[in-house]
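Student: Contents of start-v2.cif (mmCIF, C-alpha atoms) are given next:
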data_coords
#
loop_
_atom_site.group_PDB
_atom_site.id
_atom_site.type_symbol
_atom_site.label_atom_id
_atom_site.label_comp_id
_atom_site.auth_asym_id
_atom_site.auth_seq_id
_atom_site.Cartn_x
_atom_site.Cartn_y
_atom_site.Cartn_z
ATOM 1 C CA MET G 113 31.165 1.590 7.840
ATOM 2 C CA PRO G 114 28.038 -0.181 9.139
ATOM 3 C CA ARG G 115 25.716 -1.582 6.541
ATOM 4 C CA ARG G 116 22.233 -0.198 6.389
ATOM 5 C CA ARG G 117 19.576 -2.808 6.498
ATOM 6 C CA TYR G 118 17.046 -2.112 3.765
ATOM 7 C CA ARG G 119 13.492 -2.718 4.816
ATOM 8 C CA ASN G 120 10.707 -2.987 2.323
ATOM 9 C CA HIS G 121 7.684 -0.828 2.841
ATOM 10 C CA LEU G 122 5.271 -3.747 2.972
ATOM 11 C CA PRO G 123 2.042 -4.124 4.933
ATOM 12 C CA THR G 124 1.933 -6.004 8.210
ATOM 13 C CA ARG G 125 -1.268 -7.841 8.852
ATOM 14 C CA PRO G 126 -3.708 -7.512 10.596
ATOM 15 C CA THR G 127 -2.782 -3.906 11.492
ATOM 16 C CA TRP G 128 -1.993 -2.805 7.929
ATOM 17 C CA ARG G 129 0.914 -0.692 9.104
ATOM 18 C CA CYS G 130 4.128 -0.381 7.110
ATOM 19 C CA ALA G 131 6.829 -2.830 8.199
ATOM 20 C CA ALA G 132 9.542 -0.236 7.567
ATOM 21 C CA CYS G 133 8.155 3.060 8.859
ATOM 22 C CA GLY G 134 5.141 2.030 10.954
ATOM 23 C CA ILE G 135 2.574 4.344 9.411
ATOM 24 C CA ALA G 136 -0.668 3.306 7.730
ATOM 25 C CA TRP G 137 0.050 1.256 4.618
ATOM 26 C CA PRO G 138 0.407 2.112 1.812
ATOM 27 C CA CYS G 139 2.846 4.751 3.019
ATOM 28 C CA SER G 140 4.375 7.291 0.636
ATOM 29 C CA ALA G 141 7.385 5.078 -0.055
ATOM 30 C CA ALA G 142 5.138 2.099 -0.858
ATOM 31 C CA LYS G 143 3.010 4.227 -3.180
ATOM 32 C CA LEU G 144 6.076 5.436 -5.073
ATOM 33 C CA ARG G 145 7.424 1.896 -5.377
ATOM 34 C CA LEU G 146 4.077 0.562 -6.599
ATOM 35 C CA LEU G 147 3.631 3.375 -9.118
ATOM 36 C CA GLY G 148 7.078 2.612 -10.466
ATOM 37 C CA GLU G 149 6.513 -1.131 -10.637
ATOM 38 C CA TYR G 150 3.148 -0.752 -12.363
ATOM 39 C CA ARG G 151 3.907 2.329 -14.466
ATOM 40 C CA GLN G 152 3.053 0.445 -17.657
ATOM 41 C CA ASP G 153 -0.112 -1.168 -16.305
ATOM 42 C CA ARG G 154 -2.203 1.027 -14.019
ATOM 43 C CA LEU G 155 -5.150 -1.379 -14.334
ATOM 44 C CA ALA G 156 -3.073 -4.222 -12.861
ATOM 45 C CA LEU G 157 -2.082 -1.921 -9.988
ATOM 46 C CA THR G 158 -5.734 -1.141 -9.333
ATOM 47 C CA VAL G 159 -6.674 -4.834 -9.326
ATOM 48 C CA TYR G 160 -3.797 -5.611 -6.924
ATOM 49 C CA LEU G 161 -4.791 -2.784 -4.591
ATOM 50 C CA ALA G 162 -8.474 -3.759 -4.732
ATOM 51 C CA THR G 163 -7.511 -7.261 -3.610
ATOM 52 C CA LEU G 164 -5.535 -5.868 -0.675
ATOM 53 C CA HIS G 165 -8.364 -3.424 0.083
ATOM 54 C CA ALA G 166 -10.815 -6.312 0.403
ATOM 55 C CA GLU G 167 -8.473 -8.159 2.770
ATOM 56 C CA ALA G 168 -7.861 -5.030 4.840
ATOM 57 C CA SER G 169 -11.597 -4.306 5.011
ATOM 58 C CA ASP G 170 -12.118 -7.628 6.773
ATOM 59 C CA GLN G 171 -9.299 -6.965 9.233
ATOM 60 C CA LEU G 172 -9.916 -3.256 9.832
ATOM 61 C CA SER G 173 -13.662 -3.331 10.395
ATOM 62 C CA GLU G 174 -13.431 -0.331 12.738
ATOM 63 C CA VAL G 175 -12.186 1.931 9.900
ATOM 64 C CA GLU G 176 -14.830 3.711 7.843
ATOM 65 C CA PRO G 177 -15.116 2.028 4.407
ATOM 66 C CA GLY G 178 -14.704 5.307 2.522
ATOM 67 C CA ARG G 179 -11.445 6.029 4.308
ATOM 68 C CA LEU G 180 -10.106 2.614 3.378
ATOM 69 C CA THR G 181 -11.063 3.179 -0.242
ATOM 70 C CA ASP G 182 -9.177 6.476 -0.258
ATOM 71 C CA ARG G 183 -6.225 4.887 1.459
ATOM 72 C CA PHE G 184 -5.935 1.876 -0.847
ATOM 73 C CA LEU G 185 -7.384 2.939 -4.182
ATOM 74 C CA SER G 186 -8.048 6.609 -4.801
ATOM 75 C CA TRP G 187 -4.389 7.639 -5.053
ATOM 76 C CA ALA G 188 -3.684 5.060 -7.771
ATOM 77 C CA ARG G 189 -6.184 6.314 -10.328
ATOM 78 C CA ALA G 190 -4.741 7.325 -13.649
ATOM 79 C CA ARG G 191 -4.519 11.076 -14.109
ATOM 80 C CA ALA G 192 -6.333 12.583 -17.081
#
What does this structure look like when you write it as structure tokens?
Tutor:
Amino acid sequence: MPRRRYRNHLPTRPTWRCAACGIAWPCSAAKLRLLGEYRQDRLALTVYLATLHAEASDQLSEVEPGRLTDRFLSWARARA
């Protein structure tokens, strides 16, 4: 039986596409992984994503800033 090669859903720079599935990062799989990793510290997740958002903003200057904010940060907010 051939072994499946596991690929992490990580961003590729400067395109900010997922290395595993090729869609805009963070993809659904990356979001699920991050929510799991940071389930006890949503603030730390937000800080991490804000750092990546700032880097992506420099590299994706053609993307509207509000769309990048939604893409990188809005989904990670704690639910009331």
Student: Out of G:Leu161, G:Leu146, G:Ala168, G:Leu180, which residue has the shortest atom-to-atom distance to Thr124 (chain G) when counting all atoms listed in the file?
Tutor: G:Ala168
Student: Of the candidates G:Cys130, G:Ala136, G:Ala188, G:Val175, which one gets nearest to Tyr160 (chain G) if we count all atoms listed in the file?
Tutor: G:Ala188
Student: Work out where the centre of an axis-aligned box around every listed atom of region 172-184 of chain G lies and how long its edges are once 4 Å is added on each side; give both in Å to one decimal as lines of an AutoDock Vina configuration file.
Tutor:
center_x = -10.5
center_y = 1.6
center_z = 5.9
size_x = 17.2
size_y = 17.8
size_z = 21.6
Student: Which residues are close to Leu122 (chain G), i.e. within 10 Å by all atoms listed in the file, leaving aside same-chain residues fewer than 3 positions away? Reply as a PDB file with C-alpha atoms, in the frame of the given file.
Tutor:
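Below is the file that was written, around-v4.pdb:
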ATOM      1  CA  ARG G 119      13.492  -2.718   4.816  1.00  0.00           C
ATOM      2  CA  ARG G 125      -1.268  -7.841   8.852  1.00  0.00           C
ATOM      3  CA  TRP G 128      -1.993  -2.805   7.929  1.00  0.00           C
ATOM      4  CA  ARG G 129       0.914  -0.692   9.104  1.00  0.00           C
ATOM      5  CA  CYS G 130       4.128  -0.381   7.110  1.00  0.00           C
ATOM      6  CA  ALA G 131       6.829  -2.830   8.199  1.00  0.00           C
ATOM      7  CA  ALA G 132       9.542  -0.236   7.567  1.00  0.00           C
ATOM      8  CA  CYS G 133       8.155   3.060   8.859  1.00  0.00           C
ATOM      9  CA  GLY G 134       5.141   2.030  10.954  1.00  0.00           C
ATOM     10  CA  TRP G 137       0.050   1.256   4.618  1.00  0.00           C
ATOM     11  CA  PRO G 138       0.407   2.112   1.812  1.00  0.00           C
ATOM     12  CA  CYS G 139       2.846   4.751   3.019  1.00  0.00           C
ATOM     13  CA  ALA G 141       7.385   5.078  -0.055  1.00  0.00           C
ATOM     14  CA  ALA G 142       5.138   2.099  -0.858  1.00  0.00           C
TER      15      ALA G 142
END
Student: With only C-alpha atoms as the basis for distance, which of G:His121, G:Ile135, G:Arg189, G:Thr127 is at the shortest distance from Glu167 (chain G)?
Tutor: G:Thr127
Student: State, in Å with one decimal place, the distance from CA of Leu147 (chain G) to CA of Leu185 (chain G).
Tutor: 12.1 Å
Student: Interatomic distance between CA of Tyr150 (chain G) and CA of Glu176 (chain G)?
Tutor: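 It comes out at 27.4 Å.
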Student: Residues near Val159 (chain G), anyone? I mean within 12 Å using all atoms listed in the file, not counting same-chain ones fewer than 3 positions away, as a compact mmCIF listing (two decimals) with C-alpha atoms, in the coordinates of the input.
Tutor:
# COMPACT_ATOMS: atom_id res chain seq x y z
CA TYR G 150 3.15 -0.75 -12.36
CA ASP G 153 -0.11 -1.17 -16.30
CA ARG G 154 -2.20 1.03 -14.02
CA LEU G 155 -5.15 -1.38 -14.33
CA ALA G 156 -3.07 -4.22 -12.86
CA ALA G 162 -8.47 -3.76 -4.73
CA THR G 163 -7.51 -7.26 -3.61
CA LEU G 164 -5.54 -5.87 -0.68
CA HIS G 165 -8.36 -3.42 0.08
CA ALA G 166 -10.82 -6.31 0.40
CA PHE G 184 -5.94 1.88 -0.85
CA LEU G 185 -7.38 2.94 -4.18
CA ALA G 188 -3.68 5.06 -7.77
CA ARG G 189 -6.18 6.31 -10.33
Student: Just to confirm, what's the straight-line distance from CA of Ser186 (chain G) to CA of Lys143 (chain G) in Å (one decimal)?
Tutor: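 Answer for the CA of Ser186 (chain G) to CA of Lys143 (chain G) separation: 11.4 Å.
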